[in-house]
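Trainee: Below are the structure tokens for one structure; questions will follow.
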Protein chains: 2
Amino acid sequence: MNDTRLAPKIRLHVAQPLGPAQTVPLEREQANYLFNVMRLGPGDLVALFNGRDGEWLAEVITAGKRAGELRCHAQSAPQRMPPDVWLLFAPIKKARTDFIVEKAAEMGAARIVPVQTEFTNSERIRRDRLQAHAVEAAEQCGGTYVPEVTDLLRLDRLLDQWPEDRRLMFCDETLAGGAAGLSGFARGDPWAILIGPEGGFSEAERARLRGASLARAVSLGPRILRADTAAVAALTLWQTALGDW
Amino acid sequence: MNDTRLAPKIRLHVAQPLGPAQTVPLEREQANYLFNVMRLGPGDLVALFNGRDGEWLAEVITAGKRAGELRCHAQSAPQRMPPDVWLLFAPIKKARTDFIVEKAAEMGAARIVPVQTEFTNSERIRRDRLQAHAVEAAEQCGGTYVPEVTDLLRLDRLLDQWPEDRRLMFCDETLAGGAAGLSGFARGDPWAILIGPEGGFSEAERARLRGASLARAVSLGPRILRADTAAVAALTLWQTALGDW
């Protein structure tokens, strides 16, 4: 029994149900990661989560180069859902888009929605790759939940069919006053946070956002923030005022 | 006269004094950037700042491959100093250390101090490279100030000679309560924000921080944040409560 057994440092997201004595077959990439990269073997423990059943300690039963099996022992953390807040952002360069998804998962966004605005350069995204980044961030940050990354949606169409109970926080660089726009709301309401593209919103978009009854503007200070910085700052303001911080 | 003249998108940090009709000789790298990369020529305008004299519109007078000269026209923005807050952080992998410096400059830290803690892996940093990242971030974010990046300092020695009027905010993952630790303070006091290493503080360090009369702990929520995410979140809390947001 090595140190890994006592306090597993490896957390793995799996798709299968987790429960007492539940066996979990590994996919090829997972087996490669655990047994070739991390050099685990039978008897070692890892922590598993699937986004629904909390975190479970699981023991390696069989370890092959391309396959393997784990068996759950006991639940090590309860399932913890993030507050119901979506992060909407306009994709930018590849590396910074990856960062935004990673940060949104760490910061406890429930859903990540890439949006196409009038000034968005990106026409398409790799949804599967972004989803993998969200999984990796959840594995790293000790969370038991992985936010879904949606397909790229057009902002105007999204606003056309906006859910009537979901409030929208957007970041307006022309505004002063910090998070004052969030005061007076109760925790527990559904929200979305919209980070504009680096070129800013168009005049039409800004007018529409300002006119929307569910929308509230906040300020992120006197300096211009890059979109990935703005995503973390906006989630910090929201989580502190209305979320689980 | 092209569009660049009307609204220069290029901002350049220089060392020289800026003022009416002041001429500014360019260094080799600056000349290469303006004239070869960005293809500016005589008559084009750029925005200059030096961290002291505000932002100035300057016109290209001579443009060579390795040298050139600008002349200041008019001040386009006043000098704006950030609040007196330092960001102390334990350097991590190269790319994320670069990000922390970039984010600290964007978020309005006055000084960036890499610190060596008991669980810091990094023994050394490239101070000149980190300083260049801070300059680039200031150029991008529209700021007129560039925070100084100091040499790597040992946390214990830094605490031994801590300035007696500077408060210290540190992020304690064992705590609940968000930014409550910042309430009751007036804006304008000198502060520092300390982001721990990814391995956490040692018990001795934590005890010392908790016992320091000038230190205040805040919580960054129930998920574990990477150091670069924590730096942005901590600066957001501080700027909102005590800074210039």
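Each chain in the structure tokens gets a letter, A, B and so on, in the order shown; residues start at 1 in every chain, and ligands are counted from 1 in the order they appear.
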Using only C-alpha atoms, determine which residues of chain A fall within 9 Å of chain B; present them as a PyMOL selection string.
Mentor: chain A and resi 103+106-108+140-143+176-179+219-226+229-230+232-237+239-240+244-245
Trainee: Which residues are near region 189-198 of chain B? Cut-off 7 Å, only C-alpha atoms, ignore same chain within fewer than 3 positions. Put them as a list in words.
Mentor: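 Counting only C-alpha atoms, the residues come to Asp84, Val85, Trp86, Leu87, Leu88, Phe89, Ala90, Phe119, Thr120, Asp165, Arg166, Arg167, Leu168, Met169, Phe170, Cys171, Ala186, Phe201, Arg226, Ala227, Ala230 and Ala231 of chain B.
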Trainee: Run DSSP on the backbone of this structure and report the residues of region 90-227 of chain A it assigns to strand (DSSP E), as a list in words.
Mentor: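 The strand (DSSP E) residues within region 90-227 of chain A come out as Arg111, Ile112, Val113, Pro114, Val115, Gln116, Glu148, Val149, Leu153, Arg154, Arg167, Leu168, Met169, Phe170, Cys171, Trp191, Ala192, Ile193, Leu194, Ile195, Ala215, Arg216, Ala217 and Val218 of chain A.
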Trainee: As JSON, numbers by chain, which residues of region 91-241 of chain B does DSSP assign to alpha helix (DSSP H)?
Mentor: {"B": [94, 95, 96, 97, 98, 99, 100, 101, 102, 103, 104, 105, 106, 127, 128, 129, 130, 131, 132, 133, 134, 135, 136, 137, 138, 139, 140, 141, 155, 156, 157, 158, 159, 160, 203, 204, 205, 206, 207, 208, 209, 210, 211, 227, 228, 229, 230, 231, 232, 233, 234, 235, 236, 237, 238, 239, 240, 241]}
Trainee: If we count only C-alpha atoms and set the cut-off at 8 Å, which residues sit around Leu152 (chain B), ignoring sequence neighbours fewer than 3 positions away in its own chain? Please answer as JSON, numbers by chain.
Mentor: {"B": [113, 114, 115, 116, 124, 125]}
Trainee: Which polymer residues have any atom within 7 Å of an atom of region 48-63 of chain B, counting only C-alpha atoms, with same-chain residues fewer than 5 positions away left out, as a list in words?
Mentor: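 With the cut-off at 7 Å, the set is Arg11, Leu12, His13, Val14, Ala15, Gln16, Leu18, Phe35, Gly41, Pro42, Gly43, Gly68, Glu69, Leu70, Arg71, Cys72, His73, Ala74, Gln75, Ser76, Ala77, Pro78, Gln79, Arg80, Thr144, Tyr145 and Val146 of chain B.
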Trainee: Do a neighbour search on Val101 (chain B) at 8 Å with only C-alpha atoms, toss out local chain neighbours closer than 6 positions, and write the hits as a ChimeraX atom specification.
Mentor: /B:112,130,133-134
Trainee: How many Å separate CA of Arg66 (chain A) from CA of Glu27 (chain A)?
Mentor: 7.6 Å
Trainee: Using only C-alpha atoms, which protein or nucleic acid residues come within 10 Å of Glu29 (chain A)? Drop anything in the same chain fewer than 2 positions from it, and give the result as a list in words.
Mentor: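 Listing them by chain and then by number gives Leu26, Glu27, Ala31, Asn32, Tyr33, Leu34, Lys65, Arg66 and Ala67 of chain A.
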Trainee: Go through A:Ala204, A:Ile10, A:Met81, A:Ala47 one by one, measure the shortest atom-to-atom distance of each to Val24 (chain A) using only C-alpha atoms, and give the residue with the smallest value.
Mentor: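 Closest to Val24 (chain A), using only C-alpha atoms: A:Ala47.
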Trainee: A:Thr150, A:Ser122, A:Thr117, A:Gln161: which is nearest Glu203 (chain A), counting only C-alpha atoms?
Mentor: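 Of the candidates, the smallest distance to Glu203 (chain A) is held by A:Thr117.
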